[in-house]
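Q: Okay, handing you the structure first.
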There are 2 protein chains.
Amino acid sequence: MKRSQEATVEGTGRRAGLDRADVVLAALRLVETEGADALTMRNLAGRLEVTTTTIYWHVGGRDELITELIRYQSEIQAARPIEGETPHERVVSLARHIWESARENRAITSLAHQNGATSLLERPLEIALVHELQVAGVTGAAAAEAHRAILATVGGLLIQALRDESIIPANRRSEALWADTDPELGLDAATIDALAQPADLDALFESTINAVVAHILAKPEPVKRRSRPAAAKAAGPAKNKTKRARKSTTKRTTKSNG
Amino acid sequence: MKRSQEATVEGTGRRAGLDRADVVLAALRLVETEGADALTMRNLAGRLEVTTTTIYWHVGGRDELITELIRYQSEIQAARPIEGETPHERVVSLARHIWESARENRAITSLAHQNGATSLLERPLEIALVHELQVAGVTGAAAAEAHRAILATVGGLLIQALRDESIIPANRRSEALWADTDPELGLDAATIDALAQPADLDALFESTINAVVAHILAKPEPVKRRSRPAAAKAAGPAKNKTKRARKSTTKRTTKSNG
DNA sequence: ACCTGAACACCGTTCAAGT
DNA sequence: ACCTGAACACCGTTCAAGT
């Protein structure tokens, strides 16, 4: 990959060899280091030591830049191996991949969320999820419903998690609101106390996602799987079709039921 | 309530009698008619036929304005009566209130969401939810967990619903992404087809929330309730302290374990 | 082909000044 | 007490022009 720290051309003020990939990667690093809000065209241009308009020449505009950035990141996130043997375990494993990817890349997830590109970011993992449901015997309208229910559950927990990171004024944060709840309301003190504390979101994720997946897989009978799962594959301009090597997972998932 | 269409003062260019409430209500109408993004200080000032700085004099700034606007709206949304007899029914009913309020007031919900004020908007209904869980015998840490799981579920479905309304570029929308899925992936055609169609989110809400609530209320045994429901009460600047009659619920000990 | 400079139409916010 | 006018420091984007 071309580095962007090359010398300027022959004493002129022009930079050499800046291409589209450089811009996208610089944008990614900018988001990772300074947060989603730091991704402005001027800020990015400054990082690359070019004029704002140069950015426009390489990538079409802010929206295009974000689309490409998210697409790039989405492929990285799809690399995690699916764990578990039973359909339930494997579906939960995929949901957990979405969850963990988002928590480990908060800024990019926020960026995607702010710009309506969440589906794009989760795309490869969503494809893998649909496949896993299919293997479990869930297809058609039922699969779409199951898929959406799972994504909604993960997404709902995710906005709670991301909320903790972003700079929300104290008087709007859930914990703070519970902390000064009117005692006259007659709510249980221990409950209020628990609500005023930061949540254990990982535990909440496990508990809730297991309940939802159990509910989804309750209808059709589980299928003894012997077909191999398809690797997650991005819908981007993939130039090389990487065949993903299958490895037989050795059943090492958390065994939790609601 | 004072109208803001009063005549200007004696031929001068000054408007008369514009107060804080006028500004907040005008902002609310602006959001409702033109969407969350239309709420700019200049736009609002133009609506009220004053200068931008006048807005700053009445409400402190954009954030304060939004806080007050959301707080106002939150009280309106709490007016719905809780339906059902069993704890399960009543908890689901409250979750449904949050769901329906948000769907009926998309722009304001979006505004709250964009500005991290979701907790504020849902506050009165959240209080009612905690109360209802308490009546059902769920308190302490278990109540906090149950509360958060329910909110996450509703919230996750809500961002899917709100996504449909906002102007997201076609290539980022979930349905569009599924519509041109690579056939080489080997995914079931009927499933892809179902995913490419707009979802029946109301049905999805009912199905998912019932599963989650059932999961939550599975642990403590259900309580035969004969007490009447407490009305939702906002945490705003309440001038009159309504003493809430304490009802000895038949069995509401703090029987909570993680 | 690649990059600059100037400009446009927006933002939220502040500050001195008017009546 | 209530409001205006001008200004500051930002945005994304476009367009003509340079090499």
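A note on labels: chains of the structure tokens are A, B, ... as shown, every chain counts residues from 1, and ligands are counted from 1 in their shown order.
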Any chance you could list, as a tab-separated table (two decimals) with C-alpha atoms, in the first residue's frame, the residues in range 61-133 of chain A that come up helix (DSSP H, G or I) when DSSP is run on the backbone?

A:
```
chain	number	residue	atom	x	y	z
A	62	ARG	CA	-18.27	13.03	2.21
A	63	ASP	CA	-20.98	10.46	1.69
A	64	GLU	CA	-18.98	8.47	-0.81
A	65	LEU	CA	-16.00	8.58	1.48
A	66	ILE	CA	-18.02	7.22	4.36
A	67	THR	CA	-19.55	4.51	2.22
A	68	GLU	CA	-16.14	3.29	1.16
A	69	LEU	CA	-14.71	3.56	4.66
A	70	ILE	CA	-17.55	1.53	6.11
A	71	ARG	CA	-17.35	-1.05	3.37
A	72	TYR	CA	-13.67	-1.48	4.06
A	73	GLN	CA	-14.24	-1.87	7.76
A	74	SER	CA	-17.10	-4.31	7.20
A	75	GLU	CA	-14.78	-6.82	5.59
A	76	ILE	CA	-12.38	-6.68	8.50
A	77	GLN	CA	-15.17	-7.42	10.93
A	87	PRO	CA	-27.73	-23.85	15.36
A	88	HIS	CA	-28.52	-21.89	18.51
A	89	GLU	CA	-24.87	-21.57	19.44
A	90	ARG	CA	-23.79	-20.58	15.98
A	91	VAL	CA	-26.50	-17.98	15.52
A	92	VAL	CA	-25.67	-16.49	18.90
A	93	SER	CA	-22.01	-16.56	17.95
A	94	LEU	CA	-22.71	-14.43	14.91
A	95	ALA	CA	-24.80	-11.99	16.87
A	96	ARG	CA	-21.90	-11.79	19.29
A	97	HIS	CA	-19.54	-11.00	16.44
A	98	ILE	CA	-21.65	-7.99	15.51
A	99	TRP	CA	-21.80	-6.98	19.15
A	100	GLU	CA	-18.09	-7.30	19.80
A	101	SER	CA	-17.03	-5.73	16.52
A	102	ALA	CA	-19.13	-2.71	17.29
A	103	ARG	CA	-17.82	-2.40	20.82
A	104	GLU	CA	-14.24	-2.70	19.67
A	106	ARG	CA	-16.96	2.36	18.61
A	107	ALA	CA	-16.05	5.40	16.58
A	108	ILE	CA	-16.57	3.74	13.23
A	109	THR	CA	-19.78	2.18	14.42
A	110	SER	CA	-20.98	5.58	15.55
A	111	LEU	CA	-20.03	7.03	12.21
A	112	ALA	CA	-21.96	4.35	10.38
A	113	HIS	CA	-24.91	4.82	12.66
A	114	GLN	CA	-24.97	8.59	12.27
A	118	THR	CA	-25.24	0.47	9.76
A	119	SER	CA	-26.59	-2.13	7.38
A	120	LEU	CA	-23.55	-1.61	5.22
A	121	LEU	CA	-21.15	-2.06	8.10
A	122	GLU	CA	-22.83	-5.24	9.28
A	123	ARG	CA	-23.42	-6.60	5.82
A	124	PRO	CA	-20.95	-9.50	5.73
A	125	LEU	CA	-21.96	-10.66	9.17
A	126	GLU	CA	-25.61	-10.34	8.24
A	127	ILE	CA	-25.06	-12.54	5.24
A	128	ALA	CA	-23.39	-15.12	7.43
A	129	LEU	CA	-26.30	-14.90	9.83
A	130	VAL	CA	-28.85	-15.54	7.11
A	131	HIS	CA	-26.84	-18.50	5.99
A	132	GLU	CA	-26.67	-19.92	9.48
A	133	LEU	CA	-30.41	-19.54	9.91
```

Q: Could you list, as a list in words, every residue of chain B that has an atom within 9 Å of an atom of chain C, counting only C-alpha atoms (C1' of nucleotides)?

A: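 Filtering chain B at 9 Å from chain C with only C-alpha atoms (C1' of nucleotides) gives Thr40, Met41, Thr53, Tyr56, Gly61 and Arg62 of chain B.
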
Q: I need the chain B residues near chain A as JSON, numbers by chain; criterion: at most 7 Å, counting only C-alpha atoms.

A: {"B": [116, 117, 119, 120, 131, 139, 140, 141, 143, 144, 145, 149, 152, 153, 155, 156, 157, 168, 172, 173, 174, 187, 188, 190, 191, 194, 195, 204, 208, 211, 212, 215, 243, 244]}

Q: For CA of Val31 in chain A and CA of Asp164 in chain A, determine how far apart the two atoms are, in Å to one decimal place.

A: 17.5 Å
